[in-house]
$ cat entry-v4.cif   # mmCIF, C-alpha atoms
data_work
loop_
_atom_site.label_atom_id
_atom_site.label_comp_id
_atom_site.auth_asym_id
_atom_site.auth_seq_id
_atom_site.Cartn_x
_atom_site.Cartn_y
_atom_site.Cartn_z
CA MET Q 143 120.50 213.43 29.61
CA VAL Q 144 121.53 214.94 26.27
CA GLU Q 145 124.46 216.69 27.95
CA LEU Q 146 125.38 213.56 29.90
CA LEU Q 147 125.45 211.41 26.76
CA SER Q 148 127.08 214.17 24.65
CA VAL Q 149 124.50 213.84 21.91
CA SER Q 150 122.31 216.41 20.17
CA LYS Q 151 118.53 216.36 20.59
CA MET Q 152 116.47 216.81 17.46
CA ASP Q 153 113.89 219.54 18.00
CA ASP Q 154 112.96 220.33 14.41
CA PHE Q 155 110.62 217.44 13.61
CA PRO Q 156 106.90 217.18 12.73
CA LYS Q 157 104.96 217.26 16.01
CA ILE Q 158 101.80 215.95 14.32
CA ILE Q 159 101.66 213.06 11.83
CA SER Q 160 98.49 211.94 10.05
CA GLY Q 161 97.64 208.75 8.22
CA TYR Q 162 94.65 206.99 6.68
CA ASP Q 163 93.51 203.59 7.87
CA ALA Q 164 92.21 200.73 5.72
CA ASP Q 165 88.72 202.30 5.70
CA GLY Q 166 89.97 205.68 4.50
CA ILE Q 167 89.54 207.34 7.91
CA ILE Q 168 92.28 209.79 8.89
CA HIS Q 169 94.05 209.48 12.25
CA ARG Q 170 96.23 212.20 13.80
CA PHE Q 171 99.17 211.41 16.07
CA GLU Q 172 101.18 213.54 18.46
CA ILE Q 173 104.91 212.80 18.18
CA SER Q 174 107.29 212.98 21.12
CA ASN Q 175 110.90 212.05 21.78
CA MET Q 176 112.68 211.10 24.99
CA ILE Q 177 116.42 210.48 25.41
CA MET Q 178 117.48 207.80 27.89
CA PRO Q 179 120.81 206.01 28.48
CA GLY Q 180 121.33 203.90 25.37
CA PHE Q 181 117.98 204.75 23.76
CA SER Q 182 116.17 207.48 21.92
CA VAL Q 183 112.44 206.74 22.25
CA TRP Q 184 110.08 208.06 19.59
CA LYS Q 185 106.37 207.79 20.38
CA ALA Q 186 103.24 208.40 18.33
CA GLU Q 187 100.01 208.65 20.35
CA GLU Q 188 96.70 209.10 18.60
CA MET Q 189 95.08 212.40 19.56
CA GLU Q 190 91.47 211.18 19.48
CA GLY Q 191 91.82 207.41 19.69
CA GLY Q 192 93.79 204.56 21.17
CA TYR Q 193 96.48 203.82 18.58
CA GLN Q 194 100.05 204.02 19.89
CA PHE Q 195 103.34 203.33 18.13
CA GLU Q 196 106.93 203.43 19.33
CA ILE Q 197 110.45 203.24 17.90
CA LEU Q 198 113.70 202.67 19.82
CA VAL Q 199 117.02 203.76 18.32
CA LYS Q 200 120.40 204.68 19.73
CA PRO Q 201 120.83 208.39 20.61
CA GLU Q 202 123.79 208.70 18.26
CA GLU Q 203 121.90 207.32 15.25
CA ASN Q 204 120.19 209.42 12.58
CA GLN Q 205 116.96 210.57 14.25
CA ALA Q 206 115.43 211.69 10.95
CA VAL Q 207 115.55 208.07 9.81
CA ALA Q 208 113.86 207.05 13.08
CA ILE Q 209 111.00 209.48 12.43
CA GLU Q 210 110.57 208.10 8.91
CA HIS Q 211 110.50 204.58 10.36
CA LEU Q 212 107.90 205.67 12.91
CA HIS Q 213 105.73 207.18 10.18
CA GLN Q 214 105.95 203.96 8.14
CA LYS Q 215 105.08 201.97 11.26
CA ILE Q 216 101.97 204.10 11.75
CA LEU Q 217 100.86 203.51 8.15
CA THR Q 218 101.49 199.76 8.47
CA GLY Q 219 99.53 199.58 11.72
CA LEU Q 220 96.63 201.58 10.30
CA GLY Q 221 96.59 199.47 7.15
CA TYR Q 222 95.45 196.30 8.88
CA LYS Q 223 92.22 195.81 10.85
CA THR Q 224 91.79 193.16 13.53
CA LEU Q 225 88.07 193.91 13.69
CA THR Q 226 85.66 193.43 10.78
CA HIS Q 227 82.65 195.72 10.63
CA LEU Q 228 79.38 193.78 10.40
CA SER Q 229 76.72 195.34 8.22
CA ASP Q 230 74.00 193.05 9.59
CA ARG Q 231 71.21 195.21 11.03
CA TYR Q 232 70.21 192.50 13.49
CA PHE Q 233 71.81 192.17 16.90
CA ILE Q 234 74.55 189.51 16.97
CA ASP Q 235 75.11 188.13 20.45
CA ASN Q 236 78.83 187.41 20.18
CA ALA Q 237 79.74 190.54 18.19
CA ILE Q 238 81.72 193.39 19.74
CA GLN Q 239 79.43 196.40 20.16
CA ILE Q 240 81.05 199.83 19.68
CA ASP Q 241 79.06 203.06 19.24
CA LYS Q 242 76.01 201.16 18.01
CA GLU Q 243 78.11 199.31 15.44
CA GLN Q 244 78.94 195.59 15.47
CA TYR Q 245 82.33 194.02 14.82
CA SER Q 246 83.73 190.51 14.64
CA LEU Q 247 87.30 189.35 15.26
CA ASN Q 248 89.50 188.37 12.34
CA SER Q 249 91.33 185.06 12.67
CA VAL Q 250 94.67 186.93 12.74
CA GLY Q 251 95.17 190.19 14.57
CA THR Q 252 96.89 192.23 17.24
CA CYS Q 253 95.92 194.22 20.31
CA ARG Q 254 97.53 196.26 23.11
CA ILE Q 255 96.94 195.52 26.78
CA GLN Q 256 95.76 198.63 28.61
CA HIS Q 257 95.21 198.96 32.38
CA ALA Q 258 92.89 201.81 33.39
CA GLU Q 259 94.02 202.38 36.97
CA GLU Q 260 91.23 204.81 37.85
CA GLU Q 261 88.65 202.18 36.91
CA ASN Q 262 90.79 199.19 37.91
CA GLN Q 263 89.83 197.67 34.56
CA VAL Q 264 91.85 195.97 31.84
CA TYR Q 265 91.07 196.66 28.19
CA LEU Q 266 92.40 195.36 24.91
CA VAL Q 267 93.01 198.23 22.51
CA ILE Q 268 92.10 196.90 19.06
CA ASP Q 269 92.14 199.13 15.97
CA GLY Q 270 92.46 202.08 18.36
CA LYS Q 271 89.31 201.12 20.30
CA ASN Q 272 89.07 199.99 23.94
CA ILE Q 273 87.52 196.52 24.10
CA PRO Q 274 86.59 195.19 27.57
CA LEU Q 275 87.93 191.70 28.26
CA HIS Q 276 84.38 190.37 28.63
CA ASP Q 277 83.42 191.60 25.15
CA PHE Q 278 86.60 190.15 23.68
CA GLY Q 279 85.92 186.81 25.34
CA ARG Q 280 82.37 186.73 24.01
CA ALA Q 281 83.63 187.46 20.48
CA LEU Q 282 86.02 184.52 20.77
CA THR Q 283 83.05 182.14 20.87
CA ALA Q 284 82.90 182.56 17.09
CA PHE Q 285 86.03 180.36 17.10
CA ASP Q 286 84.69 177.77 19.52
CA GLY Q 287 86.80 174.61 19.29
CA PHE Q 288 89.83 176.37 17.78
CA ASN Q 289 93.25 176.77 19.39
CA MET Q 290 94.55 180.29 19.95
CA ASP Q 291 98.32 180.95 19.88
CA PHE Q 292 99.59 184.23 21.30
CA GLN Q 293 102.84 186.10 21.79
CA MET Q 294 103.54 189.18 23.89
CA ARG Q 295 105.60 191.79 22.04
CA ASP Q 296 106.96 195.13 23.16
CA LEU Q 297 105.32 198.25 21.72
CA SER Q 298 108.60 199.16 20.00
CA GLU Q 299 108.65 195.96 17.91
CA GLU Q 300 107.29 195.80 14.38
CA VAL Q 301 103.53 195.93 13.99
CA HIS Q 302 101.22 193.47 12.32
CA GLY Q 303 100.44 194.58 8.75
CA LYS Q 304 97.89 193.59 6.14
CA ASP Q 305 100.44 191.37 4.38
CA THR Q 306 101.63 189.69 7.58
CA VAL Q 307 100.72 186.33 9.08
CA LEU Q 308 101.86 184.62 12.26
CA ARG Q 309 103.90 181.45 11.93
CA ARG Q 310 105.58 179.06 14.30
CA VAL Q 311 109.34 179.51 14.48
CA SER Q 312 111.59 177.17 16.42
CA ILE Q 313 113.99 178.86 18.83
CA ASN Q 314 115.75 175.63 19.70
CA PRO Q 315 119.49 176.48 19.50
CA ASP Q 316 120.33 173.29 17.58
CA VAL Q 317 117.57 173.97 15.04
CA ILE Q 318 118.74 177.57 14.56
CA ILE Q 319 122.31 176.42 13.90
CA GLU Q 320 121.02 173.74 11.51
CA HIS Q 321 119.03 176.35 9.58
CA PHE Q 322 122.05 178.65 9.56
CA GLU Q 323 124.39 175.99 8.17
CA ARG Q 324 121.83 174.93 5.56
CA SER Q 325 121.28 178.49 4.33
CA LEU Q 326 125.01 179.11 4.17
CA SER Q 327 125.62 175.87 2.24
CA TRP Q 328 123.29 176.99 -0.56
CA PHE Q 329 125.85 179.59 -1.67
CA LEU Q 330 129.20 177.95 -0.92
CA GLU Q 331 131.39 176.06 -3.35
CA GLY Q 332 133.32 173.84 -1.00
CA ASP Q 333 133.99 176.43 1.69
CA PHE Q 334 134.31 179.39 -0.68
CA LEU Q 335 131.79 182.19 -1.21
CA SER Q 336 131.95 184.01 -4.54
CA TYR Q 337 131.14 187.71 -4.73
CA LYS Q 338 128.46 186.70 -7.26
CA HIS Q 339 126.46 185.00 -4.49
CA GLU Q 340 127.37 187.25 -1.56
CA SER Q 341 124.25 189.44 -1.72
CA ALA Q 342 121.81 186.53 -1.90
CA CYS Q 343 123.71 184.72 0.85
CA GLY Q 344 123.49 187.76 3.12
CA GLU Q 345 119.74 188.06 2.60
CA ALA Q 346 119.24 184.37 3.42
CA LEU Q 347 121.30 184.69 6.58
CA PHE Q 348 119.29 187.72 7.71
CA GLU Q 349 116.41 185.31 8.37
CA ARG Q 350 118.65 183.07 10.46
CA ILE Q 351 119.76 186.08 12.49
CA ASP Q 352 116.08 186.92 12.97
CA GLU Q 353 115.66 183.47 14.53
CA LEU Q 354 118.63 184.21 16.79
CA GLU Q 355 116.91 187.43 17.86
CA LEU Q 356 113.75 185.49 18.76
CA LEU Q 357 115.83 183.11 20.87
CA CYS Q 358 117.39 186.09 22.60
CA LYS Q 359 114.02 187.73 23.31
CA TYR Q 360 111.83 184.75 24.12
CA GLY Q 361 114.26 182.00 25.04
CA ASN Q 362 117.48 181.65 27.01
CA LYS Q 363 119.81 184.65 26.63
CA GLU Q 364 122.93 182.64 27.49
CA GLU Q 365 122.07 180.06 24.83
CA ALA Q 366 121.48 182.89 22.33
CA VAL Q 367 124.95 184.31 23.04
CA GLU Q 368 126.54 180.89 22.46
CA VAL Q 369 124.61 180.41 19.19
CA GLY Q 370 125.68 183.89 18.09
CA LYS Q 371 129.33 183.08 18.82
CA ARG Q 372 129.06 179.87 16.80
CA MET Q 373 127.53 181.77 13.88
CA LYS Q 374 130.32 184.35 13.98
CA LYS Q 375 133.05 181.71 14.16
CA ARG Q 376 131.56 179.90 11.16
CA LEU Q 377 131.26 183.08 9.10
CA ILE Q 378 134.84 184.08 9.82
CA SER Q 379 136.02 180.66 8.61
CA VAL Q 380 134.42 181.09 5.17
CA GLU Q 381 136.85 181.98 2.38
CA HIS Q 382 135.57 184.64 -0.02
CA ASP Q 383 136.50 187.28 -2.60
CA THR Q 384 134.06 189.97 -1.42
CA ASP Q 385 134.63 193.38 0.12
CA ASP Q 386 132.11 193.42 2.99
CA PHE Q 387 131.46 189.79 3.91
CA PRO Q 388 131.12 188.85 6.71
CA GLU Q 389 131.65 192.09 8.68
CA TYR Q 390 128.08 193.39 8.37
CA LEU Q 391 126.69 190.02 9.45
CA LEU Q 392 129.04 189.91 12.45
CA THR Q 393 127.84 193.38 13.44
CA MET Q 394 124.20 192.31 13.19
CA ILE Q 395 124.85 189.27 15.37
CA ASP Q 396 126.65 191.40 17.97
CA GLN Q 397 123.72 193.81 18.05
CA VAL Q 398 121.25 190.96 18.55
CA ILE Q 399 123.11 189.27 21.39
CA GLY Q 400 124.23 192.56 22.95
CA THR Q 401 127.98 192.17 22.65
CA THR Q 402 128.66 195.53 20.99
#

$ encode --input "entry-v4.cif" --output "structure tokens"
Amino acid sequence: MVELLSVSKMDDFPKIISGYDADGIIHRFEISNMIMPGFSVWKAEEMEGGYQFEILVKPEENQAVAIEHLHQKILTGLGYKTLTHLSDRYFIDNAIQIDKEQYSLNSVGTCRIQHAEEENQVYLVIDGKNIPLHDFGRALTAFDGFNMDFQMRDLSEEVHGKDTVLRRVSINPDVIIEHFERSLSWFLEGDFLSYKHESACGEALFERIDELELLCKYGNKEEAVEVGKRMKKRLISVEHDTDDFPEYLLTMIDQVIGTT
């Protein structure tokens, strides 16, 4: 595949990466890389546990940066716990029991769906531990009467960290365009963008492009492409005295909607 794509494969990289979790326990990961058409896949699989992390980059991109990103992703994932250890010495009926220890579910968390084919069982891997669906369901009774929102995300997407919360984001195309126009208007004088406000404007529009990416992933791809085209047309129409605006934003939009 490397020869077919005319790219070089990085062989000189750390094969083992270690990191400490929120409880000060060290975890060791085996690092691997696989080149596929359009993607270079970097994986970190815990050697004595269930944590897994993944990064997708283009084969022609700087792979050393990808490894650094993967390492940071590991540290972020280890830094947040979905399970809380219970020090109570009495048996708690709706606690998750692991190696004679009891755990409860936090109100915000993440897990990986794991199918054990040999057992024909489905587990949720939480904090690197296999949790049977029955145990997870019993632990949910601690939130009896609550609503539970959920979202399926690919392993290569960003992980949930200790400073992260889930929030509702509208992926309605009209709402995304409205947010985009509002953010842009904060920095325009008439229809002119001064170089003094270009940096802050770009950062504000990054969030709007993030909304476009969510529409592309979880909504209608054709609608996302049309929204992206409208964003690009609007950006091109803005008068400015900057060097880079709006080229880097146009590139980001193209990458999101897959028109590069």

$ residues_around --input "entry-v4.cif" --residues "Trp328 in chain Q" --least-positions-apart "5" --cutoff "12 Å" --atoms "only C-alpha atoms" --output "ChimeraX atom specification"
/Q:321-323,333-336,339-340,342-344,346-347

$ atom_distance --input "entry-v4.cif" --atom1 "CA of Glu188 in chain Q" --atom2 "CA of Arg170 in chain Q"
5.7 Å

$ residues_around --input "entry-v4.cif" --residues "Leu308 in chain Q" --least-positions-apart "4" --cutoff "10 Å" --atoms "all atoms listed in the file" --output "number ranges by chain"
Q: 250-251, 291-293, 302

$ write_last_selection --input "entry-v4.cif" --atoms "C-alpha atoms" --output "tab-separated table (two decimals), in the frame of the given file"
chain	number	residue	atom	x	y	z
Q	250	VAL	CA	94.67	186.93	12.74
Q	251	GLY	CA	95.17	190.19	14.57
Q	291	ASP	CA	98.32	180.95	19.88
Q	292	PHE	CA	99.59	184.23	21.30
Q	293	GLN	CA	102.84	186.10	21.79
Q	302	HIS	CA	101.22	193.47	12.32

$ resolve_selection --input "entry-v4.cif" --expression "the PyMOL selection byres ((chain Q and resi 194) around 10)" --output "ChimeraX atom specification"
/Q:171-172,185-189,191-193,195-196,216,219,254,267,270,297-298

$ resolve_selection --input "entry-v4.cif" --expression "the PyMOL selection byres ((chain Q and resi 377-386) around 10)" --output "MDAnalysis selection string"
chainID Q and resid 323 326 330:341 371:376 387:392

$ resolve_selection --input "entry-v4.cif" --expression "the PyMOL selection byres ((chain Q and resi 274) around 12)" --output "PDB file with C-alpha atoms, keeping the file's coordinate frame"
ATOM      1  CA  ILE Q 238      81.720 193.390  19.740  1.00  0.00           C
ATOM      2  CA  GLN Q 239      79.430 196.400  20.160  1.00  0.00           C
ATOM      3  CA  ILE Q 240      81.050 199.830  19.680  1.00  0.00           C
ATOM      4  CA  CYS Q 253      95.920 194.220  20.310  1.00  0.00           C
ATOM      5  CA  ARG Q 254      97.530 196.260  23.110  1.00  0.00           C
ATOM      6  CA  ILE Q 255      96.940 195.520  26.780  1.00  0.00           C
ATOM      7  CA  GLN Q 256      95.760 198.630  28.610  1.00  0.00           C
ATOM      8  CA  HIS Q 257      95.210 198.960  32.380  1.00  0.00           C
ATOM      9  CA  ALA Q 258      92.890 201.810  33.390  1.00  0.00           C
ATOM     10  CA  GLU Q 261      88.650 202.180  36.910  1.00  0.00           C
ATOM     11  CA  ASN Q 262      90.790 199.190  37.910  1.00  0.00           C
ATOM     12  CA  GLN Q 263      89.830 197.670  34.560  1.00  0.00           C
ATOM     13  CA  VAL Q 264      91.850 195.970  31.840  1.00  0.00           C
ATOM     14  CA  TYR Q 265      91.070 196.660  28.190  1.00  0.00           C
ATOM     15  CA  LEU Q 266      92.400 195.360  24.910  1.00  0.00           C
ATOM     16  CA  VAL Q 267      93.010 198.230  22.510  1.00  0.00           C
ATOM     17  CA  ILE Q 268      92.100 196.900  19.060  1.00  0.00           C
ATOM     18  CA  LYS Q 271      89.310 201.120  20.300  1.00  0.00           C
ATOM     19  CA  ASN Q 272      89.070 199.990  23.940  1.00  0.00           C
ATOM     20  CA  ILE Q 273      87.520 196.520  24.100  1.00  0.00           C
ATOM     21  CA  LEU Q 275      87.930 191.700  28.260  1.00  0.00           C
ATOM     22  CA  HIS Q 276      84.380 190.370  28.630  1.00  0.00           C
ATOM     23  CA  ASP Q 277      83.420 191.600  25.150  1.00  0.00           C
ATOM     24  CA  PHE Q 278      86.600 190.150  23.680  1.00  0.00           C
ATOM     25  CA  GLY Q 279      85.920 186.810  25.340  1.00  0.00           C
ATOM     26  CA  ARG Q 280      82.370 186.730  24.010  1.00  0.00           C
ATOM     27  CA  ALA Q 281      83.630 187.460  20.480  1.00  0.00           C
TER      28      ALA Q 281
END

$ atom_distance --input "entry-v4.cif" --atom1 "CA of Ala206 in chain Q" --atom2 "CA of Thr306 in chain Q"
26.2 Å

$ residues_around --input "entry-v4.cif" --residues "range 145-159 of chain Q" --least-positions-apart "4" --cutoff "12 Å" --atoms "all atoms listed in the file" --output "number ranges by chain"
Q: 168-189, 195, 200-210, 212-217

$ atom_distance --input "entry-v4.cif" --atom1 "CA of Glu364 in chain Q" --atom2 "CA of Ser325 in chain Q"
23.6 Å

$ closest_residue --input "entry-v4.cif" --among "Q:Glu259, Q:Glu299, Q:Glu355, Q:Glu243" --to "His211 in chain Q" --atoms "only C-alpha atoms"
Q:Glu299

$ closest_residue --input "entry-v4.cif" --among "Q:Val398, Q:Thr393, Q:Asp230, Q:Ser327" --to "Leu356 in chain Q" --atoms "only C-alpha atoms"
Q:Val398

$ residues_around --input "entry-v4.cif" --residues "Thr226 in chain Q" --least-positions-apart "4" --cutoff "8 Å" --atoms "only C-alpha atoms" --output "ChimeraX atom specification"
/Q:245-248

$ closest_residue --input "entry-v4.cif" --among "Q:Val301, Q:Val307, Q:Ile313, Q:Ala237" --to "Tyr360 in chain Q" --atoms "all atoms listed in the file"
Q:Ile313

$ axis_aligned_box --input "entry-v4.cif" --around "range 163-168 of chain Q" --padding-each-side "3 Å" --output "lines of an AutoDock Vina configuration file"
center_x = 91.1
center_y = 205.3
center_z = 6.7
size_x = 10.8
size_y = 15.1
size_z = 10.4

$ closest_residue --input "entry-v4.cif" --among "Q:Ser229, Q:Asn236, Q:Asn362, Q:Gln397" --to "Phe285 in chain Q" --atoms "all atoms listed in the file"
Q:Asn236
